[in-house]
Amino acid sequence: MVIVCAGISKAAAQTEINVTSTAVPFLRISPDTRAGGMANLGLATAADAGGVFYNRAKLPFAAADAGVAFSYSPWLRDLTSGIYLLSGSFYKNLADDQTLSAGIRYFNMGDLPMADYSGNKLPSAQPSEMAVDLGYSRKLSSTIGIAVALRYIHSKLVSGSMDGVNYKAGNAVASDLSLYYTRVDSTKGGWSAGIALSNLGSKISYTSDDAQKAFLPANLGIGIAYTGVVDEDNQITVGIDYNHLLVPNIPADALAATEYYNKSVTEGWFSSFDNKQNTVSLGAEYVYRRRFSVRAGYLIVPKAAGDNGGFTTGLGIKLSLFDVHFAYQAAAGNGVTRNPLSNTVRFGLNFNW
C-alpha cells in the first residue's frame, strides 16, 4: 500500500500500458482552472497568476502589475470523496522587467485504509502532500523572458513501523527553469512560445534506506500559442503544448531495478527518452469584450502513458474585482486507465490589479 501511494512502483494493467511512476505525482496535476479548461494548455498562453505553475518566464509580460489566483480540483470524484488539490499563486512586477512570484499546492488524499502484507488491518492514514515555491522572472528584451524557481516538497503518506520497515515523511527540493518568447503586437495579437523544465531536484525517500529513493516528476514542456484579434470585442487563442516526463522506466527484473535506483538524477533525465511518457495538449480560448471566455481542449495521452486523455471545456467571467473560472473534464479511459478528473468540475478565482 505504501509503495503504491508513494508512486514508486510500476503499474501495468495491460501489456500495452507501461506507465512510468514517480514519487509525489500530485506535482503533475494541472493546478490552474483556466488552463484546465484548455486541456492543461499553459506554457505560451497570455500570462496571469496561474502562469506560476506553467511558465514563470511569461509573468513580466502580464497585463496586470500583480495577481493572485486560487483553485480547487476534486480528484477521483467518480469513485470517492475527500480527495482534492488546492492551489494558490501570486506574482508582483517589481519594475518593467522583473517579477517575483510564489505558489503553493496542497494535495489531500482523504482517509486511507491500511493493512500489512498479511492482510491484517492497521489504523487508517490521512496522507497529504504539499509543495511551496518562490520564483524570479526577468525580461531580457521586449520579446524574451527567463525565469527560475525553487521548490520545497513535503510528502506525508504514512508514518511508523510496518512489516519491519520504519516509514517517515519524505522531503525534497527542486527547481524550475523557463523561457518565453512573444511577438504579440499592440492589439494583443500574435505568436508566443515557451519552454519549461520543472521539478529538477533531489530524489525523495519514505524510509531510511537511501537505496530506495525515488525520482521526482521532472518534466520538459514546449508550447506555442497564437492569438488572433478579430476586432475590438472578439479574440481567439489557439495553442499546443508538448510534455515529456524526464524519469526512466522502472525495470521488471531485480538486477536492473538495483541499477535503476543507483542512477543519479541527471542520469535519470538523460535515460528517460525511451519511456514514451509524452502528452500533448490542444486548446483554444474565445474571449468576448475581455469579460467572457469560452474554452475547450483535448488532451492526448498515448496507451503507454495510461491512455487517459480526453476532452475538456471551460468558462471564464470577469467581474469588477476578480475573475471566476470553471473547467470540466469529460469522462475518459476505463478501469485503471480512467482519468482521475473524469466528470469533474473545477473552480478557480483570479484577482488582478
# chains A, B, ... in the order shown; residues from 1 in each chain; ligands from 1
$ closest_atom_pairs --of "segment 133-244 of chain A" --to "segment 262-273 of chain A" --cutoff "12 Å" --atoms "only C-alpha atoms" --output "tab-separated table"
residue	atom	partner	partner_atom	distance
A:Ala174	CA	A:Val265	CA	11.1
A:Leu197	CA	A:Trp269	CA	10.9
A:Ser198	CA	A:Trp269	CA	11.6
A:Asn199	CA	A:Val265	CA	11.0
A:Leu200	CA	A:Val265	CA	8.3
A:Gly201	CA	A:Val265	CA	7.4
A:Ser202	CA	A:Val265	CA	6.9
A:Lys203	CA	A:Val265	CA	7.1
A:Ile204	CA	A:Val265	CA	10.8
A:Asp210	CA	A:Asn262	CA	9.5
A:Ala211	CA	A:Asn262	CA	6.9
A:Gln212	CA	A:Asn262	CA	8.7
A:Lys213	CA	A:Asn262	CA	8.9
A:Ala214	CA	A:Val265	CA	9.6
A:Phe215	CA	A:Val265	CA	7.1
A:Leu216	CA	A:Val265	CA	8.8
A:Pro217	CA	A:Trp269	CA	10.1
A:Ala218	CA	A:Trp269	CA	7.7
A:Asn219	CA	A:Trp269	CA	8.9
A:Leu220	CA	A:Trp269	CA	9.7
A:Asn243	CA	A:Phe273	CA	11.7
A:His244	CA	A:Phe273	CA	8.2
$ residues_around --residues "Leu282 of chain A" --least-positions-apart "3" --cutoff "12 Å" --atoms "only C-alpha atoms" --output "PDB file with C-alpha atoms, in the first residue's frame"
ATOM      1  CA  ALA A  35      -5.540  26.055 -18.246  1.00  0.00           C
ATOM      2  CA  GLY A  36      -7.617  23.055 -17.180  1.00  0.00           C
ATOM      3  CA  GLY A  37     -10.414  24.155 -19.499  1.00  0.00           C
ATOM      4  CA  MET A  38      -7.935  24.016 -22.395  1.00  0.00           C
ATOM      5  CA  ALA A  39      -6.563  20.508 -21.662  1.00  0.00           C
ATOM      6  CA  ASN A  40      -3.787  21.959 -19.444  1.00  0.00           C
ATOM      7  CA  LEU A  41      -2.529  24.393 -22.084  1.00  0.00           C
ATOM      8  CA  GLY A  42      -0.397  26.990 -20.294  1.00  0.00           C
ATOM      9  CA  LEU A  43       3.211  27.261 -21.476  1.00  0.00           C
ATOM     10  CA  THR A  45      -0.770  31.467 -23.338  1.00  0.00           C
ATOM     11  CA  GLY A 223       4.439  25.137 -26.111  1.00  0.00           C
ATOM     12  CA  ILE A 224       3.278  27.571 -28.759  1.00  0.00           C
ATOM     13  CA  ALA A 225       0.170  29.761 -28.937  1.00  0.00           C
ATOM     14  CA  THR A 237      -6.278  31.971 -28.902  1.00  0.00           C
ATOM     15  CA  VAL A 238      -5.217  28.517 -30.071  1.00  0.00           C
ATOM     16  CA  GLY A 239      -2.199  26.586 -28.872  1.00  0.00           C
ATOM     17  CA  ILE A 240      -0.405  23.312 -28.381  1.00  0.00           C
ATOM     18  CA  ASP A 241       1.787  22.083 -25.525  1.00  0.00           C
ATOM     19  CA  TYR A 242       4.030  19.010 -25.546  1.00  0.00           C
ATOM     20  CA  ASN A 243       5.208  17.499 -22.251  1.00  0.00           C
ATOM     21  CA  THR A 279       1.374  14.101 -23.614  1.00  0.00           C
ATOM     22  CA  GLU A 285      -9.981  30.161 -25.887  1.00  0.00           C
ATOM     23  CA  ARG A 295     -12.516  27.381 -23.619  1.00  0.00           C
ATOM     24  CA  ALA A 296     -12.083  23.882 -24.992  1.00  0.00           C
ATOM     25  CA  GLY A 297      -9.291  21.384 -25.352  1.00  0.00           C
ATOM     26  CA  TYR A 298      -8.241  17.840 -25.974  1.00  0.00           C
ATOM     27  CA  LEU A 299      -5.523  16.054 -24.021  1.00  0.00           C
ATOM     28  CA  ILE A 300      -3.680  13.326 -25.946  1.00  0.00           C
ATOM     29  CA  VAL A 301      -2.190  10.613 -23.731  1.00  0.00           C
ATOM     30  CA  GLY A 309      -6.682  11.868 -22.119  1.00  0.00           C
ATOM     31  CA  GLY A 310      -9.920  13.390 -23.350  1.00  0.00           C
ATOM     32  CA  PHE A 311     -11.993  16.498 -23.914  1.00  0.00           C
ATOM     33  CA  THR A 312     -12.138  19.492 -21.580  1.00  0.00           C
ATOM     34  CA  THR A 313     -14.232  22.651 -21.556  1.00  0.00           C
TER      35      THR A 313
END
$ closest_residue --among "A:Gly314, A:Tyr152, A:Ala332, A:Pro113" --to "Asp32 of chain A" --atoms "only C-alpha atoms"
A:Gly314
$ closest_residue --among "A:Gln126, A:Gly170, A:Gly103, A:Lys58" --to "Leu140 of chain A" --atoms "only C-alpha atoms"
A:Lys58
$ select_by_dssp --residues "segment 253-288 of chain A" --states "helix (DSSP H, G or I)" --output "ChimeraX atom specification"
/A:254-262,265-270
$ select_by_dssp --residues "segment 146-333 of chain A" --states "strand (DSSP E or B)" --output "MDAnalysis selection string"
chainID A and resid 146:156 160:162 165:167 170:182 190:201 204 214 219:229 234:245 278:288 292:300 310:318 323:329
$ write_last_selection --atoms "C-alpha atoms" --output "tab-separated table (two decimals), in the first residue's frame"
chain	number	residue	atom	x	y	z
A	146	ILE	CA	13.52	33.93	-18.47
A	147	ALA	CA	12.69	32.63	-15.00
A	148	VAL	CA	13.94	30.38	-12.21
A	149	ALA	CA	12.06	28.95	-9.23
A	150	LEU	CA	12.97	26.95	-6.13
A	151	ARG	CA	10.54	24.46	-4.58
A	152	TYR	CA	10.24	22.65	-1.25
A	153	ILE	CA	8.24	19.41	-1.30
A	154	HIS	CA	6.79	17.62	1.73
A	155	SER	CA	5.02	14.27	1.33
A	156	LYS	CA	3.45	12.52	4.32
A	160	GLY	CA	5.60	4.41	11.93
A	161	SER	CA	6.65	0.80	11.55
A	162	MET	CA	5.03	-1.70	9.18
A	165	VAL	CA	10.11	-1.12	7.93
A	166	ASN	CA	10.06	2.32	9.51
A	167	TYR	CA	8.27	4.86	7.35
A	170	GLY	CA	9.53	12.47	2.53
A	171	ASN	CA	11.16	15.84	1.85
A	172	ALA	CA	12.84	17.14	-1.29
A	173	VAL	CA	13.89	20.32	-3.06
A	174	ALA	CA	13.56	21.10	-6.75
A	175	SER	CA	13.87	23.93	-9.24
A	176	ASP	CA	12.23	25.16	-12.45
A	177	LEU	CA	13.88	26.88	-15.41
A	178	SER	CA	11.79	28.51	-18.13
A	179	LEU	CA	11.98	30.65	-21.25
A	180	TYR	CA	9.30	32.69	-23.01
A	181	TYR	CA	9.28	34.37	-26.42
A	182	THR	CA	6.48	36.57	-27.70
A	190	GLY	CA	0.42	37.38	-32.39
A	191	TRP	CA	2.61	34.38	-31.64
A	192	SER	CA	4.14	33.25	-28.36
A	193	ALA	CA	6.26	30.24	-27.38
A	194	GLY	CA	7.51	28.79	-24.13
A	195	ILE	CA	9.90	26.14	-22.80
A	196	ALA	CA	9.91	24.95	-19.19
A	197	LEU	CA	11.99	22.44	-17.26
A	198	SER	CA	10.22	21.72	-13.98
A	199	ASN	CA	10.80	19.68	-10.81
A	200	LEU	CA	14.53	19.32	-11.39
A	201	GLY	CA	15.74	18.27	-7.99
A	204	ILE	CA	12.85	11.57	-2.19
A	214	ALA	CA	12.51	7.74	-5.83
A	219	ASN	CA	9.29	17.41	-16.87
A	220	LEU	CA	10.22	19.04	-20.17
A	221	GLY	CA	7.46	21.21	-21.65
A	222	ILE	CA	7.40	23.02	-25.01
A	223	GLY	CA	4.44	25.14	-26.11
A	224	ILE	CA	3.28	27.57	-28.76
A	225	ALA	CA	0.17	29.76	-28.94
A	226	TYR	CA	-1.35	32.22	-31.39
A	227	THR	CA	-3.86	34.93	-30.54
A	228	GLY	CA	-5.94	36.39	-33.33
A	229	VAL	CA	-7.75	39.68	-32.67
A	234	ASN	CA	-13.53	39.40	-30.13
A	235	GLN	CA	-10.27	37.47	-29.89
A	236	ILE	CA	-9.34	33.81	-30.21
A	237	THR	CA	-6.28	31.97	-28.90
A	238	VAL	CA	-5.22	28.52	-30.07
A	239	GLY	CA	-2.20	26.59	-28.87
A	240	ILE	CA	-0.41	23.31	-28.38
A	241	ASP	CA	1.79	22.08	-25.53
A	242	TYR	CA	4.03	19.01	-25.55
A	243	ASN	CA	5.21	17.50	-22.25
A	244	HIS	CA	7.71	14.71	-21.61
A	245	LEU	CA	8.35	13.09	-18.22
A	278	ASN	CA	4.58	12.10	-23.67
A	279	THR	CA	1.37	14.10	-23.61
A	280	VAL	CA	0.01	16.74	-25.99
A	281	SER	CA	-2.46	19.47	-25.03
A	282	LEU	CA	-4.54	21.06	-27.79
A	283	GLY	CA	-6.51	24.07	-26.56
A	284	ALA	CA	-8.47	27.14	-27.62
A	285	GLU	CA	-9.98	30.16	-25.89
A	286	TYR	CA	-12.51	32.67	-27.21
A	287	VAL	CA	-12.75	35.99	-25.36
A	288	TYR	CA	-15.61	38.44	-25.81
A	292	PHE	CA	-16.39	36.46	-21.05
A	293	SER	CA	-14.29	33.46	-22.09
A	294	VAL	CA	-15.19	30.08	-23.54
A	295	ARG	CA	-12.52	27.38	-23.62
A	296	ALA	CA	-12.08	23.88	-24.99
A	297	GLY	CA	-9.29	21.38	-25.35
A	298	TYR	CA	-8.24	17.84	-25.97
A	299	LEU	CA	-5.52	16.05	-24.02
A	300	ILE	CA	-3.68	13.33	-25.95
A	310	GLY	CA	-9.92	13.39	-23.35
A	311	PHE	CA	-11.99	16.50	-23.91
A	312	THR	CA	-12.14	19.49	-21.58
A	313	THR	CA	-14.23	22.65	-21.56
A	314	GLY	CA	-14.15	25.82	-19.51
A	315	LEU	CA	-15.70	29.21	-18.84
A	316	GLY	CA	-14.31	32.47	-17.50
A	317	ILE	CA	-16.19	35.56	-16.30
A	318	LYS	CA	-14.50	38.84	-15.42
A	323	ASP	CA	-12.28	36.62	-12.47
A	324	VAL	CA	-14.20	33.39	-11.96
A	325	HIS	CA	-13.10	30.27	-13.84
A	326	PHE	CA	-14.73	26.87	-14.31
A	327	ALA	CA	-13.33	23.79	-16.04
A	328	TYR	CA	-14.90	20.42	-16.82
A	329	GLN	CA	-13.13	17.17	-17.70
$ closest_residue --among "A:Leu76, A:Ala49, A:Leu341, A:Ala62" --to "Ser89 of chain A" --atoms "only C-alpha atoms"
A:Ala49
